[in-house]
Structures are given as C-alpha cells and as structure tokens.
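Quick look at upload-v1.cif (mmCIF, C-alpha atoms):
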data_model
#
loop_
_atom_site.label_atom_id
_atom_site.label_comp_id
_atom_site.auth_asym_id
_atom_site.auth_seq_id
_atom_site.Cartn_x
_atom_site.Cartn_y
_atom_site.Cartn_z
CA MET A 1 164.08 70.72 49.01
CA ILE A 2 164.09 73.72 51.38
CA ALA A 3 163.85 76.30 48.59
CA GLU A 4 161.10 74.33 46.87
CA GLY A 5 159.21 73.93 50.14
CA LEU A 6 159.40 77.63 50.99
CA SER A 7 158.19 78.53 47.50
CA LEU A 8 155.18 76.22 47.84
CA LEU A 9 154.31 77.59 51.28
CA ILE A 10 154.53 81.19 50.04
CA ASP A 11 152.29 80.35 47.07
CA TYR A 12 149.80 78.75 49.44
CA GLY A 13 149.79 81.79 51.72
CA ILE A 14 149.36 84.28 48.85
CA TYR A 15 146.59 82.23 47.25
CA LEU A 16 144.76 81.91 50.56
CA LEU A 17 145.23 85.48 51.80
CA PRO A 18 142.18 87.28 50.27
CA GLY A 19 139.65 84.75 51.54
CA LEU A 20 141.42 84.47 54.87
CA CYS A 21 141.28 88.25 55.37
CA LEU A 22 137.54 88.31 54.66
CA CYS A 23 136.90 85.46 57.11
CA ALA A 24 139.03 87.18 59.77
CA LEU A 25 137.11 90.44 59.31
CA TRP A 26 133.78 88.57 59.50
CA PHE A 27 134.88 86.87 62.72
CA TRP A 28 136.15 90.13 64.24
CA LEU A 29 132.92 92.03 63.49
CA THR A 30 130.68 89.25 64.84
CA PRO A 31 129.73 89.94 68.49
CA LYS A 32 131.10 87.61 71.13
CA THR A 33 127.51 87.18 72.28
CA GLN A 34 126.98 85.06 69.13
CA PRO A 35 129.27 82.07 69.86
CA GLY A 36 127.42 79.75 67.48
CA LEU A 37 127.95 82.05 64.51
CA ARG A 38 131.59 82.63 65.44
CA ILE A 39 132.14 78.87 65.51
CA VAL A 40 130.55 78.52 62.07
CA ILE A 41 132.87 81.24 60.73
CA LEU A 42 135.89 79.36 62.08
CA LEU A 43 134.66 76.11 60.53
CA LEU A 44 134.22 77.76 57.13
CA THR A 45 137.67 79.33 57.42
CA PHE A 46 139.18 75.93 58.10
CA VAL A 47 137.35 74.43 55.11
CA LEU A 48 138.82 77.19 52.95
CA MET A 49 142.35 76.55 54.26
CA ARG A 50 142.01 72.81 53.69
CA ASP A 51 140.34 72.81 50.27
CA VAL A 52 142.75 75.39 48.81
CA MET A 53 145.47 72.77 49.27
CA THR A 54 143.91 70.63 46.53
CA PRO A 55 144.35 72.89 43.45
CA LEU A 56 147.84 73.78 44.69
CA ARG A 57 148.72 70.07 44.67
CA LEU A 58 149.68 69.94 48.33
CA TRP A 59 147.48 66.88 48.63
CA SER A 60 145.17 64.73 46.51
CA LEU A 61 142.35 62.24 47.06
CA SER A 62 141.45 59.06 45.21
CA GLY A 63 138.18 57.16 44.97
CA GLY A 64 139.58 54.51 47.32
CA VAL A 65 139.84 57.17 50.05
CA GLN A 66 143.59 57.16 49.72
CA ILE A 67 145.09 60.51 50.62
CA GLY A 68 148.26 61.53 48.84
CA PHE A 69 150.35 64.31 50.38
CA ILE A 70 153.17 66.27 48.82
CA SER A 71 156.47 64.42 49.16
CA ASN A 72 158.32 67.40 50.68
CA PRO A 73 158.50 66.72 54.47
CA LEU A 74 159.37 70.36 55.22
CA VAL A 75 156.05 71.52 53.78
CA LEU A 76 154.13 68.89 55.74
CA ALA A 77 155.83 69.66 59.04
CA THR A 78 155.43 73.42 58.56
CA LEU A 79 151.70 73.08 57.90
CA GLY A 80 151.36 70.95 61.03
CA VAL A 81 153.25 73.47 63.16
CA LEU A 82 151.20 76.35 61.71
CA SER A 83 148.04 74.47 62.71
CA LEU A 84 149.30 74.27 66.29
CA ALA A 85 150.12 77.99 66.16
CA ILE A 86 146.54 78.72 65.07
CA ILE A 87 145.26 76.71 68.05
CA ALA A 88 147.42 78.82 70.37
CA ALA A 89 146.15 82.01 68.69
CA LEU A 90 142.53 80.93 69.10
CA ALA A 91 143.08 80.41 72.81
CA ARG A 92 144.17 84.05 73.01
CA ILE A 93 141.71 85.79 70.68
CA ALA A 94 138.61 83.73 71.50
CA PRO A 95 138.81 82.80 75.22
CA GLU A 96 135.02 82.50 75.40
CA LEU A 97 135.17 79.69 72.81
CA TRP A 98 138.30 78.17 74.31
CA LYS A 99 136.35 77.50 77.52
CA LEU A 100 134.21 75.07 75.52
CA VAL A 101 137.15 72.75 74.81
CA VAL A 102 137.15 69.68 77.05
CA TRP A 103 140.68 68.37 76.59
CA ARG A 104 140.37 65.30 78.81
CA LYS A 105 137.73 63.32 80.64
CA GLY A 106 138.69 60.45 82.88
CA ASN A 107 142.08 58.78 82.54
CA LEU A 108 144.27 60.52 79.94
CA GLY A 109 146.32 57.41 79.16
CA ALA A 110 143.23 55.28 78.64
CA GLY A 111 141.73 57.97 76.43
CA LEU A 112 144.80 58.25 74.23
CA ALA A 113 145.06 54.47 73.98
CA LEU A 114 141.42 54.21 72.95
CA GLY A 115 141.91 57.05 70.47
CA ILE A 116 144.88 55.33 68.82
CA ALA A 117 142.97 52.04 68.73
CA ALA A 118 139.97 53.77 67.14
CA GLY A 119 142.23 55.38 64.57
CA CYS A 120 143.72 51.98 63.74
CA ALA A 121 140.22 50.52 63.39
CA ILE A 122 139.49 53.17 60.76
CA GLY A 123 142.85 53.25 59.00
CA VAL A 124 144.18 49.69 58.99
CA PRO A 125 141.36 48.13 56.92
CA LEU A 126 141.66 50.90 54.33
CA ARG A 127 145.45 50.56 54.25
CA LEU A 128 145.19 46.80 53.72
CA TYR A 129 142.65 47.37 50.97
CA GLN A 130 144.89 49.92 49.27
CA GLY A 131 148.01 47.82 49.66
CA THR A 132 151.61 48.96 50.09
CA ASP A 133 154.40 48.69 47.55
CA VAL A 134 157.35 47.24 49.51
CA GLY A 135 159.75 48.69 46.95
CA GLU A 136 158.72 52.22 47.93
CA LEU A 137 159.39 51.82 51.67
CA ALA A 138 163.03 52.95 51.41
CA GLY A 139 161.94 56.48 50.47
CA TYR A 140 158.93 56.48 52.78
CA TRP A 141 160.53 57.12 56.16
CA PRO A 142 161.92 60.67 55.64
CA TRP A 143 158.47 61.73 54.43
CA LEU A 144 156.73 59.97 57.32
CA LEU A 145 158.16 62.26 60.00
CA GLY A 146 156.72 65.35 58.33
CA MET A 147 153.46 63.48 57.74
CA VAL A 148 153.13 62.64 61.45
CA VAL A 149 153.56 66.32 62.38
CA LEU A 150 150.88 67.33 59.86
CA ALA A 151 148.48 64.49 60.72
CA TYR A 152 148.45 65.17 64.45
CA GLY A 153 149.03 68.93 64.30
CA GLY A 154 146.60 69.64 61.46
CA ASN A 155 143.95 67.35 62.84
CA ALA A 156 144.40 68.82 66.31
CA LEU A 157 143.15 72.09 64.82
CA GLU A 158 140.24 70.30 63.13
CA GLU A 159 139.31 68.51 66.34
CA VAL A 160 139.49 71.70 68.40
CA LEU A 161 137.03 73.30 65.98
CA PHE A 162 134.58 70.41 65.57
CA ARG A 163 134.90 68.45 68.81
CA GLY A 164 136.10 71.30 71.02
CA PHE A 165 134.17 74.40 70.00
CA LEU A 166 131.17 72.96 68.14
CA GLN A 167 130.51 69.86 70.22
CA GLY A 168 131.25 71.74 73.43
CA HIS A 169 128.82 74.51 72.44
CA LEU A 170 126.11 72.02 71.50
CA GLU A 171 126.43 70.20 74.83
CA GLN A 172 125.21 73.39 76.48
CA HIS A 173 121.94 73.15 74.55
CA THR A 174 121.25 69.41 74.16
CA CYS A 175 122.33 66.00 75.47
CA ALA A 176 125.92 64.82 74.97
CA LEU A 177 124.98 62.07 72.49
CA ARG A 178 122.97 64.39 70.27
CA ALA A 179 125.80 66.96 70.37
CA ALA A 180 128.21 64.24 69.25
CA LEU A 181 125.94 63.18 66.37
CA ILE A 182 125.52 66.78 65.18
CA SER A 183 129.28 67.30 65.38
CA ALA A 184 129.88 64.18 63.27
CA ILE A 185 127.29 65.11 60.64
CA ALA A 186 128.61 68.68 60.47
CA PHE A 187 132.12 67.28 60.00
CA ALA A 188 131.01 65.17 57.03
CA ALA A 189 128.89 67.99 55.60
CA CYS A 190 131.90 70.31 55.67
CA HIS A 191 133.60 67.85 53.27
CA SER A 192 130.78 68.15 50.72
CA PHE A 193 132.45 70.83 48.60
CA LEU A 194 135.69 68.83 48.60
CA ALA A 195 133.86 65.63 47.67
CA LEU A 196 131.40 66.95 45.09
CA SER A 197 133.17 69.88 43.48
CA VAL A 198 136.91 70.08 44.16
CA THR A 199 137.62 66.37 43.58
CA ARG A 200 134.29 65.04 42.21
CA ILE A 201 134.91 61.76 44.04
CA GLY A 202 131.55 62.03 45.75
CA TRP A 203 130.02 59.64 48.26
CA PRO A 204 133.18 57.67 49.28
CA ILE A 205 134.62 60.82 50.87
CA LEU A 206 131.33 61.67 52.56
CA LEU A 207 130.90 58.13 53.90
CA PHE A 208 134.47 57.97 55.18
CA THR A 209 134.26 61.38 56.89
CA LEU A 210 130.89 60.50 58.44
CA VAL A 211 132.33 57.32 59.95
CA GLU A 212 135.49 59.12 61.04
CA GLY A 213 133.44 61.98 62.47
CA LEU A 214 131.21 59.61 64.44
CA VAL A 215 134.19 57.77 65.91
CA CYS A 216 135.99 60.99 66.89
CA ALA A 217 132.82 62.55 68.31
CA LEU A 218 132.04 59.52 70.47
CA VAL A 219 135.66 59.28 71.64
CA ARG A 220 135.51 62.98 72.53
CA MET A 221 132.25 62.46 74.41
CA ARG A 222 133.86 59.79 76.60
CA TYR A 223 137.49 60.92 76.92
CA GLY A 224 137.82 64.46 75.58
CA VAL A 225 139.40 66.26 72.64
CA SER A 226 142.92 64.86 73.20
CA ALA A 227 141.65 61.32 72.59
CA ALA A 228 139.76 62.48 69.48
CA VAL A 229 142.99 64.03 68.12
CA ALA A 230 144.75 60.70 68.68
CA ALA A 231 142.02 58.87 66.75
CA HIS A 232 141.89 61.31 63.84
CA GLY A 233 145.64 61.72 63.48
CA THR A 234 146.29 57.97 63.63
CA ALA A 235 143.70 57.24 60.94
CA ILE A 236 145.21 59.82 58.58
CA VAL A 237 148.78 58.61 59.12
CA LEU A 238 147.71 55.06 58.26
CA ILE A 239 145.95 55.90 54.98
CA ALA A 240 148.27 58.66 53.75
CA VAL A 241 150.84 58.08 51.00
CA PRO A 242 153.44 60.35 49.37
CA MET A 243 152.35 61.90 46.08
#
Spell out the structure here as structure tokens.
Amino acid sequence: MIAEGLSLLIDYGIYLLPGLCLCALWFWLTPKTQPGLRIVILLLTFVLMRDVMTPLRLWSLSGGVQIGFISNPLVLATLGVLSLAIIAALARIAPELWKLVVWRKGNLGAGLALGIAAGCAIGVPLRLYQGTDVGELAGYWPWLLGMVVLAYGGNALEEVLFRGFLQGHLEQHTCALRAALISAIAFAACHSFLALSVTRIGWPILLFTLVEGLVCALVRMRYGVSAAVAAHGTAIVLIAVPM
C-alpha cells in the first residue's frame, strides 16, 4: 500500500509540475498591488490541481453527485496534509492576501457547530439517496481516516481561497451579502470545466456546487472561514465513497 501510494503521488506531482510552474511564475510576476488578479491566479491554480486528479484516477464523480476517492488512505491523508502545507506557505508568501482571511466571527464553538450542521444538511440527503451497502462497511473504516484528513484539509485550502481571499477581498468593495453571493457563484463556475469537459456530467455538479458554495459563503459571512471549512468538509465526508 505504501509503495503504491508513493508511486501515485509521484505520478501526480510529475503530471502537475509544468502547469504548476507556469501558474507560480504568473503569480510571482503579478504585482502585489493587483490583489484581485493574484487571487484569480490562485483560484485557477487550485482548479488545475483538483481537476488533474480525475484523469489520474485519484477520484471520480457520478451523475448522482457521488464522489469516489482512491481506496489508498495514505494517498488521501498525504493530499490533505499537503493542502494544509500550501495554506501555511500562502500565509508566508502572500501576507497581503492572508490579511483578508477572517477565520472566526462571534463564538467559535457555535460557528463550528453550525458549520457541521450545514454540512450534514447538504450531505445526509444525498447519502440517503445514494444508499450504503452494509456489506462494504467492514473495509470502510481504514479508508475513512484518510478521507477525513483530505476532506477537511483539502477543503480548508479551497475555503481559504474562495471564502478567505476572494470573499474577503470582495467585502472591501461591496456589501457582505453580495460578496458572499459572488463567492458562491465563482465557486460553482470554477467547477464548470470539471462538470462539462473532464467528466461530462454537466448540470448536477454545477447545481450541487452552487448550493454548497452558497451555504459555505453564508456560513463564512456569519461565523468566518473556520465554520465554512467545517461545513464543506462535513458535506464531502458524508457523500464520499471508496473507489
């Protein structure tokens, strides 16, 4: 399992490297006085990192908005930890953008509780619709630990970009509600290539990501990015299955 996982991660890194280098150079050359453009570059880089996982069979999507992830828990956990490392790197290399991240507003415990509840409201109905094969539960738990690390770690990076940088930047130029709506629509729009080209599943992915984006953006508006991470990560854990 370890050797197979390392091989898959190396393949992913090699496949991603040329595009990642171009995005990094673009970001580096863009003046810090253009925060909006720098945020867009980071969003496009994240879309590249996410969508490359599909042809490499690290994850898959179905028309029922069921997300299948590779069954190797080492790969899942490593991707989640790498996402957290990228967040730490962004705090260092882009401090002017990091200042836009509102981690918490109001009571942290209440925010996290609301975030988890919102994630359940998104994920539980879909999980019930998809159903669960009881016979598969015995092999589910070792995979679940890696999935939890990826769901909350990977989506922490996504939330920092969309609800931290983008929504925080927009709040400096418009009202909080409009900033949240733009953040949600941008989140869904950034799934268009995945929905219409990579997977060809189409509108179910766009509808799901629009709803998910709206929920996370509104949670962020009220309680901050930490609560939005709780909502997003919980929803993904609930609908994910091993491939």
| field | Within 12 Å of A:Glu212 using all atoms listed in the file, minus same-chain residues under 6 positions, as number ranges by chain | value | A: 65, 115, 118-123, 155, 159, 181, 183-188, 191, 205-206, 218-219, 228-229, 231-236
| field | Residue with smallest distance to A:Ile67 - pool A:Thr54, A:Cys216, A:Val47, A:Tyr140, counting all atoms listed in the file | value |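 Between A:Thr54, A:Cys216, A:Val47, A:Tyr140, the residue approaching A:Ile67 most closely is A:Thr54.
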| said: Expand the PyMOL selection byres ((chain A and resi 163-168) around 9) into the explicit residue set it covers here, and present it as an MDAnalysis selection string. | reply: chainID A and resid 36 39:40 43 97:103 158:162 169:172 176 179:184 216:217 220:221 224:225 228
| For A:Tyr223: contacts at 7 Å, all atoms listed in the file, fewer than 5 positions along chain excluded, given as a list of chain:residue names |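 Here the qualifying residues turn out to be A:Arg104, A:Lys105, A:Gly106, A:Gly111.
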| request: Please identify all polymer residues within 7 Å of stretch 71-88 of chain A, counting all atoms listed in the file, omitting same-chain residues fewer than 5 positions from it, and present them as number ranges by chain. | output: A: 1-2, 5, 9, 143, 146-147, 149-150, 153-154, 157, 242-243
| note | Using all atoms listed in the file, the shortest atom-to-atom distance to A:Cys21 among A:Phe193, A:Val198, A:Val241, A:Met49 belongs to A:Met49
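Going from atom CA of A:Leu17 to atom CA of A:Ala91 covers 21.7 Å.
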| Which residue, A:Gly19, A:Gly13, A:Gly68, A:Gly202, has the smallest gap to A:Ile41 when you use all atoms listed in the file? |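 Comparing A:Gly19, A:Gly13, A:Gly68, A:Gly202 against A:Ile41, the winner is A:Gly19.
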| field | Shell of 12 Å around A:Leu194, all atoms listed in the file, local chain residues under 2 positions omitted, as a PyMOL selection string | value | chain A and resi 47-55+59-62+188-192+196-206+209
| task | Could you jot down the atom CA of A:Tyr152 to atom CA of A:Ala230 separation for me, Å, one decimal place? | result |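 These atoms are spaced 7.2 Å apart.
The space separating atom CA of A:Ala156 from atom CA of A:Arg92 comes to 16.6 Å.
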